[in-house]
>>> print(open('work28.cif').read())   # mmCIF, C-alpha atoms
data_data
#
loop_
_atom_site.group_PDB
_atom_site.id
_atom_site.type_symbol
_atom_site.label_atom_id
_atom_site.label_comp_id
_atom_site.auth_asym_id
_atom_site.auth_seq_id
_atom_site.Cartn_x
_atom_site.Cartn_y
_atom_site.Cartn_z
ATOM 1 C CA MET A 19 135.473 -118.210 148.428
ATOM 2 C CA ASP A 20 138.960 -116.729 148.235
ATOM 3 C CA HIS A 21 140.297 -114.931 145.187
ATOM 4 C CA ARG A 22 143.846 -114.122 144.184
ATOM 5 C CA PHE A 23 145.044 -111.247 142.010
ATOM 6 C CA ASP A 24 148.538 -111.221 140.513
ATOM 7 C CA VAL A 25 150.473 -108.089 139.613
ATOM 8 C CA GLU A 26 154.124 -107.792 138.533
ATOM 9 C CA THR A 27 156.027 -104.547 139.095
ATOM 10 C CA PHE A 28 159.381 -104.025 137.350
ATOM 11 C CA TRP A 29 161.963 -101.238 137.767
ATOM 12 C CA GLU A 30 165.532 -101.116 136.503
ATOM 13 C CA PHE A 31 168.332 -98.682 137.330
ATOM 14 C CA SER A 32 169.003 -96.371 134.398
ATOM 15 C CA GLY A 33 171.587 -94.030 135.909
ATOM 16 C CA GLY A 34 171.684 -91.181 138.367
ATOM 17 C CA GLU A 35 173.273 -90.469 141.729
ATOM 18 C CA GLY A 36 171.896 -90.025 145.226
ATOM 19 C CA MET A 37 168.184 -89.270 145.112
ATOM 20 C CA ASN A 38 168.384 -88.420 141.411
ATOM 21 C CA PHE A 39 167.087 -91.657 139.890
ATOM 22 C CA SER A 40 164.198 -92.597 137.646
ATOM 23 C CA ARG A 41 160.986 -93.551 139.378
ATOM 24 C CA ASP A 42 159.560 -94.943 136.101
ATOM 25 C CA HIS A 43 158.489 -98.566 136.247
ATOM 26 C CA VAL A 44 156.164 -101.023 134.532
ATOM 27 C CA ILE A 45 153.182 -102.672 136.181
ATOM 28 C CA ARG A 46 152.094 -105.870 134.493
ATOM 29 C CA PHE A 47 148.863 -107.730 134.893
ATOM 30 C CA PRO A 48 149.528 -111.218 133.487
ATOM 31 C CA GLY A 49 147.610 -111.675 130.239
ATOM 32 C CA LYS A 50 146.416 -108.047 130.233
ATOM 33 C CA THR A 51 147.631 -104.577 129.361
ATOM 34 C CA GLU A 52 150.674 -103.258 131.168
ATOM 35 C CA ILE A 53 150.800 -99.719 132.484
ATOM 36 C CA HIS A 54 153.675 -97.331 132.975
ATOM 37 C CA GLY A 55 154.009 -96.046 136.496
ATOM 38 C CA SER A 56 156.108 -93.518 138.335
ATOM 39 C CA SER A 57 155.883 -91.555 141.544
ATOM 40 C CA ALA A 58 153.755 -88.410 141.593
ATOM 41 C CA PRO A 59 155.472 -85.300 140.183
ATOM 42 C CA ALA A 60 155.624 -83.878 143.727
ATOM 43 C CA PHE A 61 157.900 -86.812 144.569
ATOM 44 C CA ALA A 62 160.230 -86.475 141.558
ATOM 45 C CA GLY A 63 158.079 -88.652 139.325
ATOM 46 C CA ASN A 64 157.143 -88.601 135.671
ATOM 47 C CA ALA A 65 153.812 -86.786 135.209
ATOM 48 C CA ALA A 66 153.137 -88.746 132.000
ATOM 49 C CA ASN A 67 152.865 -92.025 133.951
ATOM 50 C CA LEU A 68 150.315 -93.212 136.477
ATOM 51 C CA ASN A 69 151.324 -92.988 140.117
ATOM 52 C CA PRO A 70 150.284 -95.157 143.080
ATOM 53 C CA GLU A 71 148.077 -92.403 144.494
ATOM 54 C CA GLU A 72 146.081 -92.162 141.248
ATOM 55 C CA LEU A 73 145.796 -95.951 141.090
ATOM 56 C CA PHE A 74 144.607 -96.036 144.714
ATOM 57 C CA VAL A 75 141.857 -93.475 144.055
ATOM 58 C CA SER A 76 140.887 -95.213 140.805
ATOM 59 C CA ALA A 77 140.591 -98.580 142.591
ATOM 60 C CA ILE A 78 138.123 -97.132 145.109
ATOM 61 C CA SER A 79 136.186 -95.305 142.376
ATOM 62 C CA SER A 80 135.981 -98.365 140.144
ATOM 63 C CA CYS A 81 134.975 -100.695 142.978
ATOM 64 C CA GLN A 82 132.218 -98.305 144.124
ATOM 65 C CA MET A 83 130.915 -98.011 140.553
ATOM 66 C CA LEU A 84 130.895 -101.744 139.848
ATOM 67 C CA THR A 85 129.221 -102.519 143.167
ATOM 68 C CA TYR A 86 126.615 -99.797 142.569
ATOM 69 C CA LEU A 87 125.894 -100.989 139.025
ATOM 70 C CA PHE A 88 125.425 -104.537 140.322
ATOM 71 C CA LEU A 89 122.987 -103.384 143.007
ATOM 72 C CA CYS A 90 121.044 -101.125 140.618
ATOM 73 C CA PHE A 91 120.613 -103.830 138.003
ATOM 74 C CA LYS A 92 119.684 -106.344 140.705
ATOM 75 C CA ASN A 93 116.987 -103.896 141.867
ATOM 76 C CA LYS A 94 115.851 -103.194 138.290
ATOM 77 C CA LEU A 95 116.998 -99.562 138.204
ATOM 78 C CA GLN A 96 117.835 -98.622 134.627
ATOM 79 C CA ILE A 97 121.167 -96.804 134.449
ATOM 80 C CA GLN A 98 122.075 -94.984 131.259
ATOM 81 C CA SER A 99 125.563 -93.906 132.352
ATOM 82 C CA TYR A 100 127.852 -93.521 135.346
ATOM 83 C CA GLU A 101 130.708 -91.034 135.465
ATOM 84 C CA ASP A 102 132.862 -90.310 138.512
ATOM 85 C CA HIS A 103 135.195 -87.404 139.211
ATOM 86 C CA ALA A 104 137.097 -88.791 142.184
ATOM 87 C CA GLU A 105 139.804 -87.050 144.156
ATOM 88 C CA GLY A 106 142.177 -88.215 146.849
ATOM 89 C CA GLU A 107 143.735 -86.133 149.605
ATOM 90 C CA LEU A 108 147.258 -87.186 150.542
ATOM 91 C CA VAL A 109 148.356 -85.594 153.837
ATOM 92 C CA ARG A 110 151.394 -85.681 156.064
ATOM 93 C CA GLU A 111 150.577 -86.690 159.623
ATOM 94 C CA SER A 112 152.319 -85.222 162.677
ATOM 95 C CA ALA A 113 154.924 -88.029 162.668
ATOM 96 C CA GLY A 114 155.885 -86.986 159.132
ATOM 97 C CA LYS A 115 154.411 -89.964 157.279
ATOM 98 C CA PHE A 116 152.100 -89.507 154.303
ATOM 99 C CA TRP A 117 148.764 -91.265 154.015
ATOM 100 C CA MET A 118 145.649 -90.986 151.859
ATOM 101 C CA LYS A 119 143.298 -89.321 154.358
ATOM 102 C CA THR A 120 140.212 -89.011 152.193
ATOM 103 C CA VAL A 121 138.904 -90.060 148.832
ATOM 104 C CA THR A 122 135.866 -88.186 147.589
ATOM 105 C CA LEU A 123 133.786 -89.804 144.877
ATOM 106 C CA LYS A 124 131.542 -87.533 142.827
ATOM 107 C CA PRO A 125 129.524 -89.864 140.648
ATOM 108 C CA ILE A 126 127.057 -88.509 138.112
ATOM 109 C CA VAL A 127 124.536 -91.248 137.482
ATOM 110 C CA LYS A 128 122.013 -90.948 134.661
ATOM 111 C CA PHE A 129 118.959 -93.158 134.866
ATOM 112 C CA ARG A 130 116.395 -94.079 132.238
ATOM 113 C CA GLY A 131 112.817 -93.871 133.404
ATOM 114 C CA ALA A 132 110.657 -91.756 135.646
ATOM 115 C CA ASP A 133 112.023 -89.776 138.579
ATOM 116 C CA THR A 134 109.703 -90.834 141.371
ATOM 117 C CA GLN A 135 110.354 -90.322 145.066
ATOM 118 C CA GLN A 136 110.501 -94.106 145.533
ATOM 119 C CA VAL A 137 113.022 -94.644 142.696
ATOM 120 C CA ARG A 138 115.212 -91.751 143.867
ATOM 121 C CA ALA A 139 115.178 -93.037 147.460
ATOM 122 C CA LEU A 140 116.216 -96.504 146.258
ATOM 123 C CA ALA A 141 119.010 -95.061 144.081
ATOM 124 C CA ILE A 142 120.387 -93.100 147.045
ATOM 125 C CA ARG A 143 120.088 -96.055 149.439
ATOM 126 C CA LEU A 144 121.998 -98.247 146.980
ATOM 127 C CA ILE A 145 124.862 -95.723 146.832
ATOM 128 C CA HIS A 146 125.418 -96.236 150.552
ATOM 129 C CA GLU A 147 124.901 -99.989 150.286
ATOM 130 C CA ALA A 148 127.486 -100.117 147.493
ATOM 131 C CA HIS A 149 129.991 -98.326 149.710
ATOM 132 C CA VAL A 150 129.472 -100.812 152.543
ATOM 133 C CA ASN A 151 129.967 -103.682 150.086
ATOM 134 C CA CYS A 152 132.917 -102.260 148.105
ATOM 135 C CA PHE A 153 135.837 -104.508 149.096
ATOM 136 C CA ILE A 154 138.460 -101.877 148.306
ATOM 137 C CA ALA A 155 136.854 -99.128 150.404
ATOM 138 C CA GLN A 156 136.363 -101.613 153.239
ATOM 139 C CA SER A 157 140.051 -102.606 153.077
ATOM 140 C CA VAL A 158 141.574 -99.181 153.779
ATOM 141 C CA LYS A 159 141.657 -96.710 156.670
ATOM 142 C CA THR A 160 140.958 -93.834 154.262
ATOM 143 C CA THR A 161 137.663 -92.020 154.739
ATOM 144 C CA VAL A 162 135.609 -92.392 151.567
ATOM 145 C CA ASN A 163 133.034 -89.656 150.937
ATOM 146 C CA ILE A 164 130.401 -89.961 148.227
ATOM 147 C CA GLU A 165 128.739 -86.882 146.744
ATOM 148 C CA PRO A 166 126.378 -88.220 144.072
ATOM 149 C CA SER A 167 124.374 -86.414 141.419
ATOM 150 C CA LEU A 168 121.377 -88.409 140.193
ATOM 151 C CA LEU A 169 119.853 -87.444 136.850
ATOM 152 C CA PHE A 170 116.738 -88.999 135.358
ATOM 153 C CA MET A 171 116.041 -88.913 131.650
#
>>> encode(input="work28.cif", output="structure tokens")
Amino acid sequence: MDHRFDVETFWEFSGGEGMNFSRDHVIRFPGKTEIHGSSAPAFAGNAANLNPEELFVSAISSCQMLTYLFLCFKNKLQIQSYEDHAEGELVRESAGKFWMKTVTLKPIVKFRGADTQQVRALAIRLIHEAHVNCFIAQSVKTTVNIEPSLLFM
């Protein structure tokens, strides 16, 4: 089954000369909330707006989380909460081009129920299975590292 996702990006010239122009733009998701984007501050962007690098990292983080939640619930693991502190590393390669070399996900997953060796092993195995099944992570050349913390309550 194929799926399609529509996004509209809008920018308009608001003055400036040479490389001194606004990077601010609007990203619209038809029928949903719009967000205000810009380039990263390091690239003359507006720090108050989201930048493509942040959105890239958030897409990988969100996809990993949703895939993991699906697998945990399917396997009857009781999750209380999931919180991720993800970071992306943008580097300049020898040819001078930038690319997102790594994204490191640092999820803190809190489970309800007993912390048995079997449950913990399943929770860890599902983290790796979620990564293999996350469509976003599987669509990029970026290395995605996952450093989980599992807490049982």
>>> residues_around(input="work28.cif", residues="Ser167 of chain A", least_positions_apart="2", cutoff="9 Å", atoms="all atoms listed in the file", output="mmCIF file with C-alpha atoms, keeping the file's coordinate frame")
data_model
loop_
_atom_site.group_PDB
_atom_site.id
_atom_site.type_symbol
_atom_site.label_atom_id
_atom_site.label_comp_id
_atom_site.auth_asym_id
_atom_site.auth_seq_id
_atom_site.Cartn_x
_atom_site.Cartn_y
_atom_site.Cartn_z
ATOM 1 C CA LYS A 124 131.542 -87.533 142.827
ATOM 2 C CA PRO A 125 129.524 -89.864 140.648
ATOM 3 C CA ILE A 126 127.057 -88.509 138.112
ATOM 4 C CA VAL A 127 124.536 -91.248 137.482
ATOM 5 C CA LYS A 128 122.013 -90.948 134.661
ATOM 6 C CA GLU A 165 128.739 -86.882 146.744
ATOM 7 C CA LEU A 169 119.853 -87.444 136.850
#
>>> closest_residue(input="work28.cif", among="A:Val162, A:Ala66, A:Val75, A:Ala141", to="Phe129 of chain A", atoms="all atoms listed in the file")
A:Ala141
>>> closest_residue(input="work28.cif", among="A:Arg41, A:Lys119, A:Arg22, A:Lys92", to="Gly63 of chain A", atoms="all atoms listed in the file")
A:Arg41
>>> resolve_selection(input="work28.cif", expression="the PyMOL selection byres ((chain A and resi 123) around 10)", output="JSON, numbers by chain")
{"A": [75, 76, 78, 79, 82, 83, 101, 102, 103, 104, 105, 106, 120, 121, 122, 124, 125, 126, 162, 163, 164, 165, 166]}
>>> resolve_selection(input="work28.cif", expression="the PyMOL selection byres ((chain A and resi 68) around 12)", output="PDB file with C-alpha atoms, keeping the file's coordinate frame")
ATOM      1  CA  ARG A  41     160.986 -93.551 139.378  1.00  0.00           C
ATOM      2  CA  ASP A  42     159.560 -94.943 136.101  1.00  0.00           C
ATOM      3  CA  HIS A  43     158.489 -98.566 136.247  1.00  0.00           C
ATOM      4  CA  VAL A  44     156.164-101.023 134.532  1.00  0.00           C
ATOM      5  CA  ILE A  45     153.182-102.672 136.181  1.00  0.00           C
ATOM      6  CA  GLU A  52     150.674-103.258 131.168  1.00  0.00           C
ATOM      7  CA  ILE A  53     150.800 -99.719 132.484  1.00  0.00           C
ATOM      8  CA  HIS A  54     153.675 -97.331 132.975  1.00  0.00           C
ATOM      9  CA  GLY A  55     154.009 -96.046 136.496  1.00  0.00           C
ATOM     10  CA  SER A  56     156.108 -93.518 138.335  1.00  0.00           C
ATOM     11  CA  SER A  57     155.883 -91.555 141.544  1.00  0.00           C
ATOM     12  CA  ALA A  58     153.755 -88.410 141.593  1.00  0.00           C
ATOM     13  CA  PRO A  59     155.472 -85.300 140.183  1.00  0.00           C
ATOM     14  CA  GLY A  63     158.079 -88.652 139.325  1.00  0.00           C
ATOM     15  CA  ASN A  64     157.143 -88.601 135.671  1.00  0.00           C
ATOM     16  CA  ALA A  65     153.812 -86.786 135.209  1.00  0.00           C
ATOM     17  CA  ALA A  66     153.137 -88.746 132.000  1.00  0.00           C
ATOM     18  CA  ASN A  67     152.865 -92.025 133.951  1.00  0.00           C
ATOM     19  CA  ASN A  69     151.324 -92.988 140.117  1.00  0.00           C
ATOM     20  CA  PRO A  70     150.284 -95.157 143.080  1.00  0.00           C
ATOM     21  CA  GLU A  71     148.077 -92.403 144.494  1.00  0.00           C
ATOM     22  CA  GLU A  72     146.081 -92.162 141.248  1.00  0.00           C
ATOM     23  CA  LEU A  73     145.796 -95.951 141.090  1.00  0.00           C
ATOM     24  CA  PHE A  74     144.607 -96.036 144.714  1.00  0.00           C
ATOM     25  CA  VAL A  75     141.857 -93.475 144.055  1.00  0.00           C
ATOM     26  CA  SER A  76     140.887 -95.213 140.805  1.00  0.00           C
TER      27      SER A  76
END
>>> atom_distance(input="work28.cif", atom1="atom CA of Tyr86 of chain A", atom2="atom CA of Arg130 of chain A")
15.6 Å
>>> closest_residue(input="work28.cif", among="A:Arg46, A:Phe28, A:Met37, A:Leu87", to="Leu144 of chain A", atoms="all atoms listed in the file")
A:Leu87
>>> atom_distance(input="work28.cif", atom1="atom CA of Thr85 of chain A", atom2="atom CA of His149 of chain A")
7.8 Å
>>> atom_distance(input="work28.cif", atom1="atom CA of Cys90 of chain A", atom2="atom CA of Ser157 of chain A")
22.8 Å
>>> axis_aligned_box(input="work28.cif", around="segment 85-100 of chain A", padding_each_side="8 Å", output="AutoDock Vina command-line options")
--center_x 122.5 --center_y -99.9 --center_z 137.2 --size_x 29.4 --size_y 28.8 --size_z 27.9
>>> residues_around(input="work28.cif", residues="Phe88 of chain A", least_positions_apart="3", cutoff="12 Å", atoms="only C-alpha atoms", output="ChimeraX atom specification")
/A:81-85,91-97,144-145,147-148,151-152
>>> build_atoms(input="work28.cif", residues="segment 76-103 of chain A", atoms="N, CA and C atoms", output="compact mmCIF listing (two decimals), in the coordinates of the input")
# COMPACT_ATOMS: atom_id res chain seq x y z
N SER A 76 141.65 -94.56 141.88
CA SER A 76 140.89 -95.21 140.80
C SER A 76 140.34 -96.57 141.25
N ALA A 77 141.08 -97.28 142.10
CA ALA A 77 140.59 -98.58 142.59
C ALA A 77 139.33 -98.40 143.43
N ILE A 78 139.31 -97.39 144.28
CA ILE A 78 138.12 -97.13 145.11
C ILE A 78 136.96 -96.69 144.22
N SER A 79 137.23 -95.79 143.28
CA SER A 79 136.19 -95.30 142.38
C SER A 79 135.58 -96.44 141.55
N SER A 80 136.43 -97.26 140.98
CA SER A 80 135.98 -98.36 140.14
C SER A 80 135.19 -99.39 140.95
N CYS A 81 135.67 -99.72 142.13
CA CYS A 81 134.98 -100.70 142.98
C CYS A 81 133.59 -100.18 143.37
N GLN A 82 133.52 -98.90 143.76
CA GLN A 82 132.22 -98.30 144.12
C GLN A 82 131.26 -98.38 142.93
N MET A 83 131.75 -98.01 141.75
CA MET A 83 130.92 -98.01 140.55
C MET A 83 130.41 -99.42 140.24
N LEU A 84 131.30 -100.38 140.21
CA LEU A 84 130.90 -101.74 139.85
C LEU A 84 129.92 -102.33 140.87
N THR A 85 130.14 -102.04 142.13
CA THR A 85 129.22 -102.52 143.17
C THR A 85 127.86 -101.84 143.03
N TYR A 86 127.88 -100.54 142.75
CA TYR A 86 126.62 -99.80 142.57
C TYR A 86 125.85 -100.29 141.34
N LEU A 87 126.57 -100.48 140.23
CA LEU A 87 125.89 -100.99 139.02
C LEU A 87 125.24 -102.34 139.30
N PHE A 88 125.97 -103.22 139.98
CA PHE A 88 125.42 -104.54 140.32
C PHE A 88 124.13 -104.39 141.13
N LEU A 89 124.16 -103.55 142.15
CA LEU A 89 122.99 -103.38 143.01
C LEU A 89 121.82 -102.74 142.25
N CYS A 90 122.11 -101.77 141.39
CA CYS A 90 121.04 -101.12 140.62
C CYS A 90 120.39 -102.11 139.66
N PHE A 91 121.20 -102.87 138.93
CA PHE A 91 120.61 -103.83 138.00
C PHE A 91 119.85 -104.93 138.74
N LYS A 92 120.37 -105.34 139.88
CA LYS A 92 119.68 -106.34 140.71
C LYS A 92 118.32 -105.83 141.16
N ASN A 93 118.23 -104.52 141.42
CA ASN A 93 116.99 -103.90 141.87
C ASN A 93 116.18 -103.27 140.73
N LYS A 94 116.57 -103.61 139.50
CA LYS A 94 115.85 -103.19 138.29
C LYS A 94 115.81 -101.68 138.06
N LEU A 95 116.85 -100.98 138.54
CA LEU A 95 117.00 -99.56 138.20
C LEU A 95 117.74 -99.51 136.87
N GLN A 96 117.26 -98.69 135.97
CA GLN A 96 117.84 -98.62 134.63
C GLN A 96 118.84 -97.48 134.53
N ILE A 97 120.12 -97.82 134.53
CA ILE A 97 121.17 -96.80 134.45
C ILE A 97 121.56 -96.61 132.99
N GLN A 98 121.62 -95.35 132.61
CA GLN A 98 122.08 -94.98 131.26
C GLN A 98 123.59 -94.81 131.26
N SER A 99 124.11 -94.12 132.28
CA SER A 99 125.56 -93.91 132.35
C SER A 99 125.98 -93.59 133.78
N TYR A 100 127.26 -93.79 134.03
CA TYR A 100 127.85 -93.52 135.35
C TYR A 100 129.21 -92.91 135.09
N GLU A 101 129.44 -91.74 135.65
CA GLU A 101 130.71 -91.03 135.46
C GLU A 101 131.14 -90.52 136.83
N ASP A 102 132.39 -90.75 137.21
CA ASP A 102 132.86 -90.31 138.51
C ASP A 102 134.06 -89.39 138.37
N HIS A 103 134.06 -88.33 139.15
CA HIS A 103 135.20 -87.40 139.21
C HIS A 103 135.74 -87.50 140.64
